[in-house]
Amino acid sequence: MFHLTTLRSSAAAASQAVRLLSPATARPLVSCVSSIFSEHQNCLLGPQTSTQITVRNATKKAGGSSNNGRDSAGRRLGIKVWPGRMTNAGSIIVRQRGKKFLCGENVGMGNDHTLFALAAGVVKMEKSAKNKKRNIVHVVAEG
């Protein structure tokens with residue numbers, strides 16, 4: 001048998017479903033179904049209510065947030081007095097992070113590994129015998 005779901009779409013759909021039957025029994029059935037469908041439409045399909053959906057548009061463009069966009073200033077590291085140049089006592093020779101340059105004769109090292117001259121003289125650098133990546137910094141005092 002036919003269920004009410006076949007009658008949901010419209011009376012035309014109901015008449016198509018009934019055409020499968022013999023022509024003699026189909027005509028009275030179609031008129032009966034269409035009259036029932038039109039009279040009891042609210043019972044079968046529920047009350048027809050029109051719902052209107054309102055869409056609200058943005059009045060300002062949305063600004064995205066960025067997690068980037070900040071940077072720190074450079075630390076100004078490196079050699080301050082090059083080999084062969086004169087230096088005064090207490091002047092900074094090398095600013096560094098870690099011990100890339102090691103202190104030699106007349107050179108001291110600060111808490112942040114800064115190398116400074118302990119006496120006035122000429123700066124001299126040589127490669128470390130143990131580690132080729134490290135340099136030893138000397139100040140040859142005037143004399």
# chains A, B, ... in the order shown; residues from 1 in each chain; ligands from 1
>>> residues_around(residues="segment 77-90 of chain A", least_positions_apart="4", cutoff="9 Å", atoms="only C-alpha atoms", output="ChimeraX atom specification")
/A:94-97,108,116-125,137,139
>>> atom_distance(atom1="atom CA of Lys127 of chain A", atom2="atom CA of Ile93 of chain A")
16.2 Å
>>> atom_distance(atom1="atom CA of His138 of chain A", atom2="atom CA of Cys103 of chain A")
6.9 Å
>>> atom_distance(atom1="atom CA of Arg134 of chain A", atom2="atom CA of Gly104 of chain A")
11.9 Å
>>> closest_residue(among="A:Glu126, A:Arg75, A:Lys133, A:Gln52", to="Glu105 of chain A", atoms="only C-alpha atoms")
A:Glu126
>>> residues_around(residues="Asn131 of chain A", least_positions_apart="5", cutoff="12 Å", atoms="only C-alpha atoms", output="PyMOL selection string")
chain A and resi 99-102+126+136
